[in-house]
$ cat coords04.tsv   # TSV, N, CA and C atoms
chain	number	residue	atom	x	y	z
A	1	MET	N	9.25	-58.28	12.94
A	1	MET	CA	8.09	-57.86	12.20
A	1	MET	C	6.81	-58.17	12.98
A	2	ARG	N	6.80	-59.32	13.63
A	2	ARG	CA	5.63	-59.68	14.43
A	2	ARG	C	5.43	-58.72	15.59
A	3	VAL	N	6.52	-58.26	16.16
A	3	VAL	CA	6.45	-57.34	17.29
A	3	VAL	C	5.83	-56.01	16.82
A	4	LEU	N	6.23	-55.56	15.63
A	4	LEU	CA	5.70	-54.32	15.08
A	4	LEU	C	4.21	-54.44	14.79
A	5	CYS	N	3.81	-55.56	14.20
A	5	CYS	CA	2.38	-55.78	13.91
A	5	CYS	C	1.57	-55.88	15.20
A	6	ALA	N	2.12	-56.53	16.22
A	6	ALA	CA	1.42	-56.66	17.50
A	6	ALA	C	1.28	-55.29	18.16
A	7	ALA	N	2.32	-54.47	18.08
A	7	ALA	CA	2.26	-53.13	18.68
A	7	ALA	C	1.23	-52.27	17.96
A	8	ALA	N	1.17	-52.37	16.63
A	8	ALA	CA	0.19	-51.60	15.86
A	8	ALA	C	-1.22	-52.06	16.19
A	9	PHE	N	-1.41	-53.36	16.33
A	9	PHE	CA	-2.72	-53.90	16.66
A	9	PHE	C	-3.16	-53.43	18.05
A	10	ILE	N	-2.25	-53.46	19.00
A	10	ILE	CA	-2.58	-53.02	20.36
A	10	ILE	C	-2.91	-51.52	20.37
A	11	ALA	N	-2.15	-50.74	19.60
A	11	ALA	CA	-2.40	-49.30	19.53
A	11	ALA	C	-3.78	-49.02	18.93
A	12	LEU	N	-4.14	-49.72	17.86
A	12	LEU	CA	-5.45	-49.54	17.25
A	12	LEU	C	-6.57	-49.99	18.18
A	13	LEU	N	-6.37	-51.08	18.85
A	13	LEU	CA	-7.36	-51.59	19.78
A	13	LEU	C	-7.57	-50.63	20.95
A	14	THR	N	-6.49	-50.11	21.48
A	14	THR	CA	-6.58	-49.16	22.59
A	14	THR	C	-7.29	-47.87	22.15
A	15	GLY	N	-6.94	-47.39	20.95
A	15	GLY	CA	-7.58	-46.18	20.44
A	15	GLY	C	-9.06	-46.38	20.22
A	16	ALA	N	-9.45	-47.53	19.72
A	16	ALA	CA	-10.87	-47.81	19.49
A	16	ALA	C	-11.62	-47.89	20.81
A	17	LEU	N	-10.99	-48.46	21.83
A	17	LEU	CA	-11.65	-48.55	23.14
A	17	LEU	C	-11.80	-47.18	23.76
A	18	LEU	N	-10.79	-46.34	23.63
A	18	LEU	CA	-10.86	-45.00	24.22
A	18	LEU	C	-11.89	-44.14	23.51
A	19	THR	N	-11.93	-44.19	22.19
A	19	THR	CA	-12.90	-43.36	21.49
A	19	THR	C	-14.31	-43.89	21.71
A	20	GLY	N	-14.46	-45.17	21.85
A	20	GLY	CA	-15.78	-45.73	22.14
A	20	GLY	C	-16.28	-45.29	23.50
A	21	ALA	N	-15.38	-45.26	24.48
A	21	ALA	CA	-15.76	-44.82	25.82
A	21	ALA	C	-16.10	-43.33	25.81
A	22	ALA	N	-15.33	-42.55	25.08
A	22	ALA	CA	-15.60	-41.12	25.01
A	22	ALA	C	-16.91	-40.86	24.27
A	23	TYR	N	-17.19	-41.62	23.25
A	23	TYR	CA	-18.42	-41.45	22.49
A	23	TYR	C	-19.63	-41.83	23.34
A	24	ALA	N	-19.47	-42.78	24.22
A	24	ALA	CA	-20.58	-43.21	25.07
A	24	ALA	C	-20.93	-42.13	26.09
A	25	GLN	N	-19.98	-41.25	26.42
A	25	GLN	CA	-20.25	-40.21	27.40
A	25	GLN	C	-20.85	-38.96	26.78
A	26	MET	N	-20.87	-38.86	25.48
A	26	MET	CA	-21.40	-37.68	24.81
A	26	MET	C	-22.93	-37.68	24.90
A	27	PRO	N	-23.53	-36.53	25.22
A	27	PRO	CA	-24.99	-36.50	25.28
A	27	PRO	C	-25.58	-36.50	23.86
A	28	ASN	N	-26.75	-37.03	23.73
A	28	ASN	CA	-27.42	-37.06	22.44
A	28	ASN	C	-28.20	-35.76	22.29
A	29	ILE	N	-27.67	-34.84	21.48
A	29	ILE	CA	-28.28	-33.52	21.32
A	29	ILE	C	-28.89	-33.42	19.93
A	30	ASN	N	-30.16	-33.08	19.88
A	30	ASN	CA	-30.84	-32.87	18.62
A	30	ASN	C	-30.82	-31.37	18.33
A	31	LEU	N	-30.06	-30.96	17.34
A	31	LEU	CA	-29.92	-29.54	17.05
A	31	LEU	C	-31.12	-28.97	16.30
A	32	ILE	N	-31.91	-29.80	15.69
A	32	ILE	CA	-33.10	-29.35	14.98
A	32	ILE	C	-34.31	-30.02	15.62
A	33	PRO	N	-34.87	-29.40	16.66
A	33	PRO	CA	-35.99	-30.04	17.33
A	33	PRO	C	-37.24	-29.98	16.46
A	34	GLU	N	-38.12	-30.91	16.71
A	34	GLU	CA	-39.37	-30.94	15.97
A	34	GLU	C	-40.26	-29.81	16.49
A	35	MET	N	-40.86	-29.06	15.57
A	35	MET	CA	-41.72	-27.94	15.95
A	35	MET	C	-43.14	-28.45	16.19
A	36	LYS	N	-43.67	-28.11	17.36
A	36	LYS	CA	-45.05	-28.49	17.67
A	36	LYS	C	-45.94	-27.31	17.31
A	37	SER	N	-47.05	-27.60	16.72
A	37	SER	CA	-48.01	-26.53	16.45
A	37	SER	C	-48.86	-26.33	17.70
A	38	GLN	N	-49.19	-25.07	17.98
A	38	GLN	CA	-49.96	-24.77	19.16
A	38	GLN	C	-51.45	-24.85	18.86
A	39	THR	N	-52.17	-25.27	19.87
A	39	THR	CA	-53.62	-25.31	19.73
A	39	THR	C	-54.16	-23.89	19.91
A	40	PRO	N	-55.37	-23.63	19.45
A	40	PRO	CA	-55.95	-22.28	19.63
A	40	PRO	C	-56.03	-21.86	21.10
A	41	GLU	N	-56.24	-22.81	22.01
A	41	GLU	CA	-56.28	-22.48	23.43
A	41	GLU	C	-54.91	-22.03	23.93
A	42	GLU	N	-53.84	-22.68	23.45
A	42	GLU	CA	-52.48	-22.29	23.84
A	42	GLU	C	-52.12	-20.92	23.28
A	43	ILE	N	-52.55	-20.64	22.06
A	43	ILE	CA	-52.29	-19.33	21.45
A	43	ILE	C	-53.00	-18.25	22.25
A	44	GLU	N	-54.26	-18.49	22.63
A	44	GLU	CA	-55.01	-17.52	23.42
A	44	GLU	C	-54.37	-17.32	24.80
A	45	ALA	N	-53.89	-18.40	25.42
A	45	ALA	CA	-53.24	-18.30	26.72
A	45	ALA	C	-51.94	-17.49	26.61
A	46	ASP	N	-51.21	-17.65	25.51
A	46	ASP	CA	-49.99	-16.86	25.29
A	46	ASP	C	-50.31	-15.38	25.15
A	47	LYS	N	-51.39	-15.07	24.45
A	47	LYS	CA	-51.78	-13.66	24.28
A	47	LYS	C	-52.17	-13.04	25.62
A	48	VAL	N	-52.92	-13.79	26.43
A	48	VAL	CA	-53.32	-13.29	27.75
A	48	VAL	C	-52.09	-13.08	28.63
A	49	ARG	N	-51.18	-14.04	28.59
A	49	ARG	CA	-49.96	-13.94	29.38
A	49	ARG	C	-49.10	-12.75	28.94
A	50	ASP	N	-49.01	-12.52	27.63
A	50	ASP	CA	-48.23	-11.40	27.10
A	50	ASP	C	-48.87	-10.07	27.49
A	51	LYS	N	-50.19	-9.99	27.45
A	51	LYS	CA	-50.88	-8.75	27.83
A	51	LYS	C	-50.68	-8.46	29.30
A	52	ALA	N	-50.74	-9.49	30.15
A	52	ALA	CA	-50.51	-9.29	31.58
A	52	ALA	C	-49.08	-8.83	31.84
A	53	TYR	N	-48.13	-9.36	31.09
A	53	TYR	CA	-46.73	-8.94	31.23
A	53	TYR	C	-46.55	-7.48	30.83
A	54	GLN	N	-47.15	-7.08	29.72
A	54	GLN	CA	-47.03	-5.69	29.27
A	54	GLN	C	-47.69	-4.74	30.27
A	55	ASP	N	-48.83	-5.14	30.84
A	55	ASP	CA	-49.49	-4.31	31.85
A	55	ASP	C	-48.62	-4.17	33.10
A	56	SER	N	-47.96	-5.24	33.50
A	56	SER	CA	-47.09	-5.16	34.68
A	56	SER	C	-45.89	-4.26	34.41
A	57	LEU	N	-45.41	-4.22	33.17
A	57	LEU	CA	-44.30	-3.32	32.85
A	57	LEU	C	-44.73	-1.86	32.91
A	58	ARG	N	-45.96	-1.58	32.55
A	58	ARG	CA	-46.46	-0.20	32.60
A	58	ARG	C	-46.65	0.29	34.03
A	59	LYS	N	-46.84	-0.62	34.97
A	59	LYS	CA	-47.05	-0.24	36.37
A	59	LYS	C	-45.76	0.16	37.07
A	60	ILE	N	-44.62	-0.17	36.51
A	60	ILE	CA	-43.34	0.16	37.13
A	60	ILE	C	-43.10	1.66	36.97
A	61	PRO	N	-42.88	2.40	38.06
A	61	PRO	CA	-42.68	3.85	37.94
A	61	PRO	C	-41.32	4.16	37.32
A	62	ASP	N	-41.25	5.31	36.65
A	62	ASP	CA	-39.99	5.75	36.07
A	62	ASP	C	-39.10	6.29	37.19
A	63	ALA	N	-37.81	5.99	37.09
A	63	ALA	CA	-36.86	6.48	38.08
A	63	ALA	C	-36.53	7.93	37.77
A	64	LYS	N	-36.90	8.83	38.68
A	64	LYS	CA	-36.66	10.25	38.45
A	64	LYS	C	-35.44	10.75	39.23
A	65	THR	N	-34.99	10.01	40.21
A	65	THR	CA	-33.81	10.40	40.97
A	65	THR	C	-32.59	9.70	40.39
A	66	SER	N	-31.43	10.26	40.69
A	66	SER	CA	-30.22	9.63	40.18
A	66	SER	C	-29.92	8.38	40.98
A	67	ALA	N	-29.24	7.48	40.39
A	67	ALA	CA	-28.90	6.22	41.04
A	67	ALA	C	-27.51	6.29	41.67
A	68	ASP	N	-27.06	7.48	42.07
A	68	ASP	CA	-25.74	7.66	42.65
A	68	ASP	C	-25.84	7.63	44.17
A	69	PRO	N	-25.44	6.53	44.83
A	69	PRO	CA	-25.58	6.46	46.28
A	69	PRO	C	-24.62	7.38	47.02
A	70	TRP	N	-23.52	7.79	46.39
A	70	TRP	CA	-22.54	8.65	47.04
A	70	TRP	C	-22.73	10.12	46.65
A	71	GLY	N	-23.82	10.46	45.98
A	71	GLY	CA	-24.03	11.82	45.51
A	71	GLY	C	-24.09	12.83	46.63
A	72	ALA	N	-24.67	12.50	47.78
A	72	ALA	CA	-24.77	13.44	48.88
A	72	ALA	C	-23.45	13.56	49.64
A	73	VAL	N	-22.56	12.61	49.49
A	73	VAL	CA	-21.30	12.62	50.21
A	73	VAL	C	-20.26	13.47	49.50
A	74	ARG	N	-20.25	13.40	48.18
A	74	ARG	CA	-19.26	14.13	47.40
A	74	ARG	C	-19.57	15.62	47.37
A	75	SER	N	-18.51	16.42	47.28
A	75	SER	CA	-18.70	17.86	47.12
A	75	SER	C	-18.80	18.18	45.63
A	76	ASP	N	-19.29	19.39	45.34
A	76	ASP	CA	-19.46	19.77	43.94
A	76	ASP	C	-18.15	20.21	43.30
A	77	THR	N	-17.17	20.62	44.10
A	77	THR	CA	-15.91	21.08	43.53
A	77	THR	C	-14.96	19.90	43.37
A	78	PRO	N	-14.27	19.83	42.25
A	78	PRO	CA	-13.32	18.74	42.07
A	78	PRO	C	-12.09	18.92	42.96
A	79	GLN	N	-11.42	17.85	43.24
A	79	GLN	CA	-10.26	17.87	44.13
A	79	GLN	C	-9.09	18.65	43.55
A	80	ALA	N	-8.91	18.64	42.24
A	80	ALA	CA	-7.78	19.30	41.61
A	80	ALA	C	-7.86	20.81	41.83
A	81	SER	N	-9.04	21.41	41.76
A	81	SER	CA	-9.16	22.85	41.95
A	81	SER	C	-8.93	23.21	43.41
A	82	ALA	N	-9.26	22.34	44.35
A	82	ALA	CA	-9.03	22.62	45.76
A	82	ALA	C	-7.54	22.61	46.05
A	83	LYS	N	-6.79	21.73	45.41
A	83	LYS	CA	-5.35	21.69	45.61
A	83	LYS	C	-4.68	22.89	44.96
A	84	ALA	N	-5.19	23.33	43.84
A	84	ALA	CA	-4.60	24.46	43.14
A	84	ALA	C	-4.85	25.75	43.90
A	85	ALA	N	-5.93	25.85	44.65
A	85	ALA	CA	-6.25	27.06	45.39
A	85	ALA	C	-5.38	27.22	46.63
A	86	ALA	N	-4.84	26.13	47.15
A	86	ALA	CA	-4.01	26.20	48.35
A	86	ALA	C	-2.67	26.85	48.00
A	87	PRO	N	-2.18	27.79	48.84
A	87	PRO	CA	-0.90	28.45	48.56
A	87	PRO	C	0.25	27.46	48.72
A	88	LYS	N	1.20	27.56	47.83
A	88	LYS	CA	2.35	26.67	47.88
A	88	LYS	C	3.45	27.31	48.72
A	89	THR	N	4.03	26.51	49.59
A	89	THR	CA	5.16	26.98	50.39
A	89	THR	C	6.44	26.58	49.69
A	90	PRO	N	7.43	27.43	49.66
A	90	PRO	CA	8.67	27.06	48.99
A	90	PRO	C	9.37	25.94	49.74
A	91	ALA	N	9.93	25.05	49.00
A	91	ALA	CA	10.62	23.91	49.60
A	91	ALA	C	11.98	24.34	50.11
A	92	LYS	N	12.39	23.79	51.24
A	92	LYS	CA	13.70	24.12	51.80
A	92	LYS	C	14.76	23.36	51.02
A	93	PRO	N	15.90	23.99	50.75
A	93	PRO	CA	16.97	23.27	50.06
A	93	PRO	C	17.55	22.21	50.98
A	94	ARG	N	17.86	21.08	50.41
A	94	ARG	CA	18.41	19.98	51.20
A	94	ARG	C	19.89	20.22	51.44
A	95	ILE	N	20.30	19.94	52.61
A	95	ILE	CA	21.70	20.11	52.99
A	95	ILE	C	22.39	18.77	52.83
A	96	LYS	N	23.49	18.79	52.07
A	96	LYS	CA	24.24	17.54	51.86
A	96	LYS	C	25.17	17.31	53.04
A	97	THR	N	25.13	16.08	53.51
A	97	THR	CA	26.06	15.70	54.56
A	97	THR	C	26.81	14.47	54.10
A	98	GLY	N	28.02	14.36	54.43
A	98	GLY	CA	28.81	13.22	54.03
A	98	GLY	C	29.30	13.36	52.62
A	99	SER	N	29.84	12.30	52.09
A	99	SER	CA	30.36	12.34	50.73
A	99	SER	C	29.91	11.08	49.98
A	100	ASN	N	29.74	11.24	48.70
A	100	ASN	CA	29.43	10.09	47.85
A	100	ASN	C	30.72	9.62	47.22
A	101	ALA	N	31.08	8.40	47.47
A	101	ALA	CA	32.34	7.89	46.95
A	101	ALA	C	32.11	7.06	45.70
A	102	ASN	N	31.02	7.21	45.06
A	102	ASN	CA	30.75	6.41	43.87
A	102	ASN	C	31.42	6.99	42.72
$ encode --input "coords04.tsv" --output "structure tokens"
Amino acid sequence: MRVLCAAAFIALLTGALLTGAAYAQMPNINLIPEMKSQTPEEIEADKVRDKAYQDSLRKIPDAKTSADPWGAVRSDTPQASAKAAAPKTPAKPRIKTGSNAN
């Protein structure tokens, strides 16, 4: 009985040490951060920054050409129609030589 109690005590002690070590490695994460109110100067700076960003987006030209780098390399006709247009030659019958003993 003493052996059983000692084994249970050691198991509990080991488990507590392992979970304590694992808990110590966990980062302290605050999922609900405190909200800071912005000063009027910060609000004005955000508006200026947002306006400058929108102006820079308007300066980007629209892409009028296709973005296909292989467009000049490919032909306009698909490969399947080119194969279908080629005349088919009749296949020669195969000549059997030897014997199959299966």
$ atom_distance --input "coords04.tsv" --atom1 "atom N of Ala72 (chain A)" --atom2 "atom C of Lys59 (chain A)"
26.7 Å
$ axis_aligned_box --input "coords04.tsv" --around "region 61-75 of chain A" --padding-each-side "3 Å" --output "JSON"
{"center_x": -30.7, "center_y": 10.3, "center_z": 43.1, "size_x": 30.4, "size_y": 21.8, "size_z": 20.1}
$ atom_distance --input "coords04.tsv" --atom1 "CA of Gln38 (chain A)" --atom2 "CA of Arg58 (chain A)"
28.2 Å
$ atom_distance --input "coords04.tsv" --atom1 "CA of Thr39 (chain A)" --atom2 "CA of Tyr53 (chain A)"
21.2 Å
$ decode --input "coords04.tsv" --residues "region 25-57 of chain A" --atoms "N, CA and C atoms" --output "tab-separated table (two decimals), in the first residue's frame"
chain	number	residue	atom	x	y	z
A	25	GLN	N	6.42	28.92	-19.72
A	25	GLN	CA	6.87	29.24	-21.06
A	25	GLN	C	5.79	29.91	-21.90
A	26	MET	N	4.57	29.94	-21.42
A	26	MET	CA	3.47	30.54	-22.17
A	26	MET	C	3.59	32.06	-22.13
A	27	PRO	N	3.40	32.72	-23.29
A	27	PRO	CA	3.48	34.19	-23.26
A	27	PRO	C	2.21	34.77	-22.63
A	28	ASN	N	2.35	35.92	-22.03
A	28	ASN	CA	1.21	36.59	-21.42
A	28	ASN	C	0.54	37.44	-22.49
A	29	ILE	N	-0.59	36.96	-23.00
A	29	ILE	CA	-1.29	37.64	-24.09
A	29	ILE	C	-2.57	38.26	-23.55
A	30	ASN	N	-2.73	39.55	-23.77
A	30	ASN	CA	-3.95	40.24	-23.39
A	30	ASN	C	-4.84	40.30	-24.62
A	31	LEU	N	-5.94	39.56	-24.60
A	31	LEU	CA	-6.81	39.50	-25.77
A	31	LEU	C	-7.70	40.73	-25.90
A	32	ILE	N	-7.88	41.48	-24.84
A	32	ILE	CA	-8.69	42.69	-24.89
A	32	ILE	C	-7.79	43.86	-24.50
A	33	PRO	N	-7.10	44.45	-25.48
A	33	PRO	CA	-6.19	45.54	-25.13
A	33	PRO	C	-6.97	46.79	-24.75
A	34	GLU	N	-6.33	47.61	-23.98
A	34	GLU	CA	-6.95	48.86	-23.57
A	34	GLU	C	-6.94	49.82	-24.77
A	35	MET	N	-8.08	50.45	-25.02
A	35	MET	CA	-8.20	51.37	-26.15
A	35	MET	C	-7.73	52.76	-25.72
A	36	LYS	N	-6.80	53.31	-26.51
A	36	LYS	CA	-6.32	54.66	-26.24
A	36	LYS	C	-7.13	55.62	-27.10
A	37	SER	N	-7.51	56.72	-26.53
A	37	SER	CA	-8.19	57.73	-27.33
A	37	SER	C	-7.13	58.59	-28.00
A	38	GLN	N	-7.41	58.98	-29.24
A	38	GLN	CA	-6.45	59.77	-29.99
A	38	GLN	C	-6.65	61.26	-29.71
A	39	THR	N	-5.54	61.95	-29.73
A	39	THR	CA	-5.61	63.40	-29.57
A	39	THR	C	-6.05	64.02	-30.90
A	40	PRO	N	-6.54	65.24	-30.87
A	40	PRO	CA	-6.95	65.88	-32.14
A	40	PRO	C	-5.80	65.98	-33.15
A	41	GLU	N	-4.56	66.14	-32.67
A	41	GLU	CA	-3.41	66.20	-33.58
A	41	GLU	C	-3.20	64.86	-34.27
A	42	GLU	N	-3.38	63.75	-33.52
A	42	GLU	CA	-3.22	62.42	-34.11
A	42	GLU	C	-4.33	62.13	-35.13
A	43	ILE	N	-5.54	62.58	-34.83
A	43	ILE	CA	-6.66	62.39	-35.77
A	43	ILE	C	-6.39	63.16	-37.05
A	44	GLU	N	-5.90	64.40	-36.93
A	44	GLU	CA	-5.59	65.21	-38.11
A	44	GLU	C	-4.44	64.58	-38.91
A	45	ALA	N	-3.43	64.03	-38.22
A	45	ALA	CA	-2.32	63.39	-38.91
A	45	ALA	C	-2.80	62.14	-39.65
A	46	ASP	N	-3.74	61.40	-39.08
A	46	ASP	CA	-4.30	60.23	-39.75
A	46	ASP	C	-5.06	60.63	-41.01
A	47	LYS	N	-5.80	61.73	-40.94
A	47	LYS	CA	-6.55	62.19	-42.12
A	47	LYS	C	-5.60	62.61	-43.23
A	48	VAL	N	-4.52	63.32	-42.87
A	48	VAL	CA	-3.54	63.74	-43.87
A	48	VAL	C	-2.86	62.53	-44.49
A	49	ARG	N	-2.51	61.56	-43.66
A	49	ARG	CA	-1.87	60.35	-44.15
A	49	ARG	C	-2.80	59.56	-45.07
A	50	ASP	N	-4.09	59.49	-44.72
A	50	ASP	CA	-5.06	58.77	-45.54
A	50	ASP	C	-5.26	59.47	-46.88
A	51	LYS	N	-5.30	60.80	-46.86
A	51	LYS	CA	-5.47	61.56	-48.11
A	51	LYS	C	-4.27	61.37	-49.01
A	52	ALA	N	-3.07	61.37	-48.45
A	52	ALA	CA	-1.86	61.15	-49.25
A	52	ALA	C	-1.86	59.75	-49.85
A	53	TYR	N	-2.34	58.77	-49.10
A	53	TYR	CA	-2.42	57.40	-49.60
A	53	TYR	C	-3.41	57.30	-50.76
A	54	GLN	N	-4.57	57.92	-50.61
A	54	GLN	CA	-5.58	57.88	-51.68
A	54	GLN	C	-5.07	58.59	-52.94
A	55	ASP	N	-4.35	59.70	-52.76
A	55	ASP	CA	-3.78	60.41	-53.91
A	55	ASP	C	-2.73	59.55	-54.62
A	56	SER	N	-1.93	58.82	-53.86
A	56	SER	CA	-0.92	57.96	-54.48
A	56	SER	C	-1.58	56.81	-55.24
A	57	LEU	N	-2.73	56.34	-54.76
A	57	LEU	CA	-3.43	55.27	-55.48
A	57	LEU	C	-3.99	55.79	-56.81
